[in-house]
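Worksheet: one structure, shown below.
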Amino acid sequence: MGHPVSGSGNSKSSVGIAVARLAALAKLEHADLWFKFLLALVGLALAFAAALFSTVSRESGNIWATLVLASAALILATLVGLTTVPHLARRVVITRLRDAVDYEVTRAGIIYVMQ
């Protein structure tokens, strides 16, 4: 009659719901953009972690670890910036431009332009 309140049936239904949500996400129109966004988010999180660990290693006096971690942070952030961000920005600019071009010619607008 309803969903079980407790027991193993509840965990099976929650797993089924999670799988259904993932399947729905995969069928989204902009799934590739979401994937690139999440990939950029992971890359920037790794770059941030590397930068934090480079600071910790610098304070502990380990110069080589500082050099490697700081370089990794810069390289990761640069890769994300050069590969993912332009593609995402282009999509946003095209969508906003399409919305911004919709205009009407009015008498007040013509008078304003003529002045």
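By convention here, the chains of the structure tokens are called A, B, ... in the order presented, each chain's residues are numbered starting at 1, and ligands are numbered starting at 1 in the order presented.
Within 10 Å of Val85 (chain A), once only C-alpha atoms are used and residues closer than 5 positions along the same chain are dropped, the contacting residues are A:Lys36, A:Phe37, A:Ala40, A:Leu79, A:Val80, A:Arg90.
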Deliver the residues from the most recent selection as a file, using C-alpha atoms, as a compact mmCIF listing (two decimals), in the first residue's frame.
# COMPACT_ATOMS: atom_id res chain seq x y z
CA LYS A 36 32.49 20.27 -18.14
CA PHE A 37 31.34 22.45 -15.24
CA ALA A 40 36.25 22.37 -13.87
CA LEU A 79 44.43 24.03 -17.57
CA VAL A 80 40.94 24.64 -16.24
CA ARG A 90 30.85 31.08 -24.97
Please indicate the distance in Å from CA of Glu59 (chain A) to CA of Ala73 (chain A), rounded to one decimal place.
-> 17.0 Å
What separation in Å, quoted to one decimal, exists between CA of Ala72 (chain A) and CA of Ala47 (chain A)?
-> 7.0 Å
Residues at most 6 Å from region 65-68 of chain A, counting only C-alpha atoms, excluding those fewer than 6 positions away in the same chain, as a PyMOL selection string?
-> chain A and resi 54+57-58
May I have the residues from that selection written out with N, CA and C atoms, as an mmCIF file, in the first residue's frame?
data_model
loop_
_atom_site.group_PDB
_atom_site.id
_atom_site.type_symbol
_atom_site.label_atom_id
_atom_site.label_comp_id
_atom_site.auth_asym_id
_atom_site.auth_seq_id
_atom_site.Cartn_x
_atom_site.Cartn_y
_atom_site.Cartn_z
ATOM 1 N N SER A 54 50.924 23.401 -0.419
ATOM 2 C CA SER A 54 52.217 24.049 -0.681
ATOM 3 C C SER A 54 52.532 25.060 0.414
ATOM 4 N N SER A 57 53.645 23.030 3.430
ATOM 5 C CA SER A 57 55.002 22.504 3.255
ATOM 6 C C SER A 57 56.047 23.618 3.311
ATOM 7 N N ARG A 58 55.687 24.825 2.887
ATOM 8 C CA ARG A 58 56.615 25.957 2.984
ATOM 9 C C ARG A 58 56.863 26.304 4.451
#
Shell around Gly81 (chain A) at 10 Å using only C-alpha atoms, local window under 6 positions removed, as a ChimeraX atom specification = /A:40,43-44,75,87
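Atom pair CA of Thr78 (chain A) / CA of Ala49 (chain A) has a distance of 14.8 Å (rounded to one decimal).
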